[in-house]
Amino acid sequence: MSGPVTGCPAVLITGAAKRLGAAMALEFHRQGYDLIIHCNDSLQEAGQLAGQLNHRRRNSAMVLQADLTREQEVATLARQAPLAFGRLDVLVNNASAFYPTPFGQVSGHDWDALVDSNLRGAFFLSQSLAGCLSQRQGAIVNLLDIYAEHPLKNYPVYSIAKAGLAAMTRALAVELAPQVRVNGVAPGAILWPEHEQDASAIAAHQAILDKVPLGTTGSPGDIAAAAFFLAARATYMTGEVIRVDGGRRLNL
Ligand SMILES: NC(=O)c1ccc[n+]([C@@H]2O[C@H](COP(=O)([O-])OP(=O)(O)OC[C@H]3O[C@@H](n4cnc5c(N)ncnc54)[C@H](OP(=O)(O)O)[C@@H]3O)[C@@H](O)[C@H]2O)c1
C-alpha cells in the first residue's frame, strides 16, 4: 500500500484521532508535514480529521488503525507507515490507556493494557521504524507525564509505564544517536479524562488546579508546540524531557 510522494516530511502520531494527538496532528500539518494518523477505536474521528487535513492540502493525511497491545498489529503499522508517503521523518508515541489500578487489586489484564499501550507498543514501533527515521535524520517524541517522576496515588501501573517510557526516551537517545534524536514532553493537567464528568471528579480536578502555580489547565496547543519544537527545531537536544505543567511538579 504505497501512497502519494509529496516531498513533504511525514510524521506518524499514535492515538491521534482526538484530544492531544489531534492537536499535534494539526500543528505538524500547519508546519507542512504529511500526517499518518494512527487510531484504535476512534476510526470515525480519525477519518474526519484526515478529511479536514486533506481538504486543506490534498493527499496530506491518511489513517492507520492498530491496537498497540497486539504485537502483530504493531508490526503491521510499522510496515505500513513508511509506505504511506514514501518516507518517515518523525514518530510521536502519544497513544495511552489511563485508568486507576488500586494496589492490591491489579490484574494481569490491567498490567498488559496499561504497559503495552503506553510502553511496549512505543518501544517496538520505535525499534521497527528506527531504520526509516535514521535515513531522514529524524526524531522520536514520547508523550510522558509528570506522574512518571511523581507517581499518582491509585495509578501505580500507569505511573510505572510512563516511568518506563521516560527511561526509554533516554535509552533510545543513546541507541539511535547521532541519526535520530529522541525526546519527551511531560504534560501536567491539560485535558481531563473523557469519562471524569461527575461532581466528585470535578472536585478532584479543582483540587489539582489549586496546586498548579499557573492556576489553570494548559491547552492542547501548548503540548503541540512543545512536541513540534522537539521534533523539528531542537537539533542539539536528545534524551531530554520538556515538562509542560504550569509548574505543577513544584507543588505536588
Ligand atoms: N490529557 C492530559 O492532560 C495529559 C496529562 C499528562 C499526560 N498526558 C499524556 O499525553 C498523551 C495524550 O493525552 P490524551 O489525554 O490526549 O490521551 P487519551 O485521550 O487518554 O488517549 C489517546 C489515544 O490513545 C489511544 N489508545 C489507547 N489505548 C490504545 C491501544 N491499546 N492501542 C492503540 N491506541 C490506543 C486511543 O486511541 P482510540 O481512541 O483510537 O482508541 C486514544 O484516543 C498520553 O500519552 C497521555 O498519557 C496527557
# chains A, B, ... in the order shown; residues from 1 in each chain; ligands from 1

call {"tool": "residues_near_ligand", "arguments": {"ligand": "ligand 1", "cutoff": "6 Å", "atoms": "only C-alpha atoms and all ligand atoms", "output": "list in words"}}
result
Gly15, Ala17, Lys18, Arg19, Leu20, Gly21, Cys39, Asn40, Asp41, Ser42, Ala66, Asp67, Leu68, Thr69, Asn94, Ala95, Ser96, Ala97, Phe98, Ser117, Leu143, Leu144, Asp145, Pro187, Gly188, Ala189, Ile190, Leu191 and Trp192 of chain A

call {"tool": "select_by_dssp", "arguments": {"residues": "stretch 12-147 of chain A", "states": "strand (DSSP E or B)", "output": "list in words"}}
result
Leu12, Ile13, Asp34, Leu35, Ile36, Ile37, His38, Cys39, Ala61, Met62, Val63, Leu64, Gln65, Val90, Leu91, Val92, Asn93, Ala139, Ile140, Val141, Asn142 and Leu143 of chain A

call {"tool": "write_last_selection", "arguments": {"atoms": "N, CA and C atoms", "output": "tab-separated table (two decimals), in the first residue's frame"}}
result
chain	number	residue	atom	x	y	z
A	12	LEU	N	4.26	10.18	11.89
A	12	LEU	CA	3.27	9.23	12.42
A	12	LEU	C	3.00	9.60	13.87
A	13	ILE	N	1.74	9.90	14.18
A	13	ILE	CA	1.34	10.19	15.56
A	13	ILE	C	0.38	9.10	16.01
A	34	ASP	N	3.20	15.93	6.22
A	34	ASP	CA	2.16	14.96	5.90
A	34	ASP	C	1.91	14.12	7.16
A	35	LEU	N	0.66	13.71	7.34
A	35	LEU	CA	0.24	13.08	8.58
A	35	LEU	C	-0.19	11.64	8.41
A	36	ILE	N	0.38	10.77	9.21
A	36	ILE	CA	-0.19	9.43	9.36
A	36	ILE	C	-0.87	9.43	10.72
A	37	ILE	N	-2.18	9.39	10.69
A	37	ILE	CA	-3.00	9.47	11.90
A	37	ILE	C	-3.28	8.03	12.34
A	38	HIS	N	-2.65	7.62	13.43
A	38	HIS	CA	-2.95	6.28	13.94
A	38	HIS	C	-4.12	6.37	14.92
A	39	CYS	N	-4.97	5.34	14.89
A	39	CYS	CA	-6.05	5.25	15.89
A	39	CYS	C	-6.30	3.78	16.20
A	61	ALA	N	-2.88	13.50	4.37
A	61	ALA	CA	-3.17	12.78	5.62
A	61	ALA	C	-3.78	11.43	5.32
A	62	MET	N	-3.41	10.46	6.11
A	62	MET	CA	-4.03	9.14	5.99
A	62	MET	C	-4.13	8.48	7.35
A	63	VAL	N	-5.04	7.51	7.45
A	63	VAL	CA	-5.34	6.87	8.74
A	63	VAL	C	-4.85	5.44	8.72
A	64	LEU	N	-4.20	5.02	9.81
A	64	LEU	CA	-3.85	3.61	10.00
A	64	LEU	C	-4.35	3.19	11.37
A	65	GLN	N	-4.98	2.02	11.42
A	65	GLN	CA	-5.59	1.54	12.66
A	65	GLN	C	-4.77	0.38	13.22
A	90	VAL	N	9.32	11.65	11.48
A	90	VAL	CA	9.06	11.80	12.92
A	90	VAL	C	8.04	10.75	13.37
A	91	LEU	N	8.32	10.17	14.54
A	91	LEU	CA	7.35	9.30	15.22
A	91	LEU	C	6.99	9.95	16.54
A	92	VAL	N	5.70	10.15	16.79
A	92	VAL	CA	5.24	10.66	18.08
A	92	VAL	C	4.48	9.54	18.78
A	93	ASN	N	5.05	9.04	19.87
A	93	ASN	CA	4.40	7.98	20.66
A	93	ASN	C	3.49	8.65	21.68
A	139	ALA	N	13.35	12.07	14.13
A	139	ALA	CA	13.18	12.28	15.56
A	139	ALA	C	12.01	11.45	16.09
A	140	ILE	N	12.13	11.10	17.35
A	140	ILE	CA	11.03	10.46	18.09
A	140	ILE	C	10.66	11.39	19.25
A	141	VAL	N	9.36	11.59	19.44
A	141	VAL	CA	8.88	12.35	20.60
A	141	VAL	C	7.92	11.45	21.38
A	142	ASN	N	8.20	11.25	22.65
A	142	ASN	CA	7.35	10.42	23.50
A	142	ASN	C	6.52	11.31	24.42
A	143	LEU	N	5.22	10.99	24.52
A	143	LEU	CA	4.35	11.73	25.45
A	143	LEU	C	4.41	11.05	26.81

call {"tool": "residues_around", "arguments": {"residues": "A:Phe123", "least_positions_apart": "5", "cutoff": "10 Å", "atoms": "only C-alpha atoms", "output": "MDAnalysis selection string"}}
result
chainID A and resid 93 116 118 128:129 164:165 168:169 172

call {"tool": "atom_distance", "arguments": {"atom1": "atom CA of A:Pro9", "atom2": "atom CA of A:Gly138"}}
result
9.6 Å

call {"tool": "closest_residue", "arguments": {"among": "A:Cys132, A:Gln127, A:Glu175, A:Phe103", "to": "A:Tyr155", "atoms": "only C-alpha atoms"}}
result
A:Phe103

call {"tool": "select_by_dssp", "arguments": {"residues": "stretch 119-208 of chain A", "states": "alpha helix (DSSP H)", "output": "number ranges by chain"}}
result
A: 121-135, 156-176, 199-208

call {"tool": "closest_residue", "arguments": {"among": "A:Ala10, A:Met237, A:Ala201, A:Leu152", "to": "A:Leu252", "atoms": "only C-alpha atoms"}}
result
A:Leu152

call {"tool": "residues_around", "arguments": {"residues": "A:Leu176", "least_positions_apart": "6", "cutoff": "8 Å", "atoms": "only C-alpha atoms", "output": "ChimeraX atom specification"}}
result
/A:130,134,182

call {"tool": "write_last_selection", "arguments": {"atoms": "C-alpha atoms", "output": "short mmCIF file (atom, residue, chain, number, x, y, z; two decimals), in the first residue's frame"}}
result
data_model
loop_
_atom_site.label_atom_id
_atom_site.label_comp_id
_atom_site.auth_asym_id
_atom_site.auth_seq_id
_atom_site.Cartn_x
_atom_site.Cartn_y
_atom_site.Cartn_z
CA ALA A 130 14.42 3.30 13.54
CA SER A 134 17.67 7.24 10.50
CA VAL A 182 14.67 11.05 20.98
#

call {"tool": "closest_residue", "arguments": {"among": "A:Thr238, A:Tyr158, A:Arg233, A:His29", "to": "A:His55", "atoms": "only C-alpha atoms"}}
result
A:His29

call {"tool": "residues_around", "arguments": {"residues": "A:Ser60", "least_positions_apart": "3", "cutoff": "12 Å", "atoms": "only C-alpha atoms", "output": "JSON, numbers by chain"}}
result
{"A": [3, 4, 5, 6, 7, 8, 9, 10, 11, 25, 26, 28, 29, 30, 31, 32, 33, 34, 35, 36, 37, 49, 50, 51, 52, 53, 54, 55, 56, 57, 63, 84, 85]}

call {"tool": "closest_residue", "arguments": {"among": "A:Gln179, A:His150, A:Ala167, A:Asp245", "to": "A:Gly215", "atoms": "only C-alpha atoms"}}
result
A:Asp245

call {"tool": "atom_distance", "arguments": {"atom1": "atom CA of A:Glu194", "atom2": "atom CA of A:Ile160"}}
result
21.9 Å

call {"tool": "atom_distance", "arguments": {"atom1": "atom CA of A:Phe228", "atom2": "atom CA of A:Glu45"}}
result
22.1 Å

call {"tool": "decode", "arguments": {"residues": "stretch 101-114 of chain A", "atoms": "N, CA and C atoms", "output": "PDB file, in the first residue's frame"}}
result
ATOM      1  N   THR A 101      -5.663   1.797  39.018  1.00  0.00           N
ATOM      2  CA  THR A 101      -5.419   0.386  39.356  1.00  0.00           C
ATOM      3  C   THR A 101      -4.985   0.334  40.817  1.00  0.00           C
ATOM      4  N   PRO A 102      -5.948   0.466  41.766  1.00  0.00           N
ATOM      5  CA  PRO A 102      -5.568   0.479  43.186  1.00  0.00           C
ATOM      6  C   PRO A 102      -4.709  -0.734  43.531  1.00  0.00           C
ATOM      7  N   PHE A 103      -3.615  -0.477  44.240  1.00  0.00           N
ATOM      8  CA  PHE A 103      -2.671  -1.553  44.569  1.00  0.00           C
ATOM      9  C   PHE A 103      -3.360  -2.603  45.426  1.00  0.00           C
ATOM     10  N   GLY A 104      -3.122  -3.878  45.082  1.00  0.00           N
ATOM     11  CA  GLY A 104      -3.820  -4.966  45.763  1.00  0.00           C
ATOM     12  C   GLY A 104      -4.912  -5.562  44.895  1.00  0.00           C
ATOM     13  N   GLN A 105      -5.351  -4.783  43.908  1.00  0.00           N
ATOM     14  CA  GLN A 105      -6.434  -5.280  43.027  1.00  0.00           C
ATOM     15  C   GLN A 105      -6.013  -5.291  41.561  1.00  0.00           C
ATOM     16  N   VAL A 106      -4.703  -5.220  41.314  1.00  0.00           N
ATOM     17  CA  VAL A 106      -4.246  -5.104  39.917  1.00  0.00           C
ATOM     18  C   VAL A 106      -4.240  -6.494  39.263  1.00  0.00           C
ATOM     19  N   SER A 107      -4.860  -6.598  38.107  1.00  0.00           N
ATOM     20  CA  SER A 107      -4.876  -7.880  37.382  1.00  0.00           C
ATOM     21  C   SER A 107      -3.796  -7.863  36.299  1.00  0.00           C
ATOM     22  N   GLY A 108      -3.483  -9.044  35.804  1.00  0.00           N
ATOM     23  CA  GLY A 108      -2.542  -9.155  34.682  1.00  0.00           C
ATOM     24  C   GLY A 108      -3.077  -8.415  33.462  1.00  0.00           C
ATOM     25  N   HIS A 109      -4.396  -8.439  33.298  1.00  0.00           N
ATOM     26  CA  HIS A 109      -5.003  -7.728  32.160  1.00  0.00           C
ATOM     27  C   HIS A 109      -4.740  -6.226  32.270  1.00  0.00           C
ATOM     28  N   ASP A 110      -4.908  -5.666  33.500  1.00  0.00           N
ATOM     29  CA  ASP A 110      -4.634  -4.231  33.702  1.00  0.00           C
ATOM     30  C   ASP A 110      -3.177  -3.920  33.357  1.00  0.00           C
ATOM     31  N   TRP A 111      -2.281  -4.756  33.867  1.00  0.00           N
ATOM     32  CA  TRP A 111      -0.853  -4.537  33.612  1.00  0.00           C
ATOM     33  C   TRP A 111      -0.591  -4.493  32.100  1.00  0.00           C
ATOM     34  N   ASP A 112      -1.111  -5.504  31.398  1.00  0.00           N
ATOM     35  CA  ASP A 112      -0.854  -5.570  29.953  1.00  0.00           C
ATOM     36  C   ASP A 112      -1.480  -4.384  29.220  1.00  0.00           C
ATOM     37  N   ALA A 113      -2.726  -4.039  29.583  1.00  0.00           N
ATOM     38  CA  ALA A 113      -3.407  -2.953  28.865  1.00  0.00           C
ATOM     39  C   ALA A 113      -2.655  -1.636  29.037  1.00  0.00           C
ATOM     40  N   LEU A 114      -2.183  -1.364  30.254  1.00  0.00           N
ATOM     41  CA  LEU A 114      -1.530  -0.079  30.522  1.00  0.00           C
ATOM     42  C   LEU A 114      -0.078  -0.069  30.049  1.00  0.00           C
TER      43      LEU A 114
END
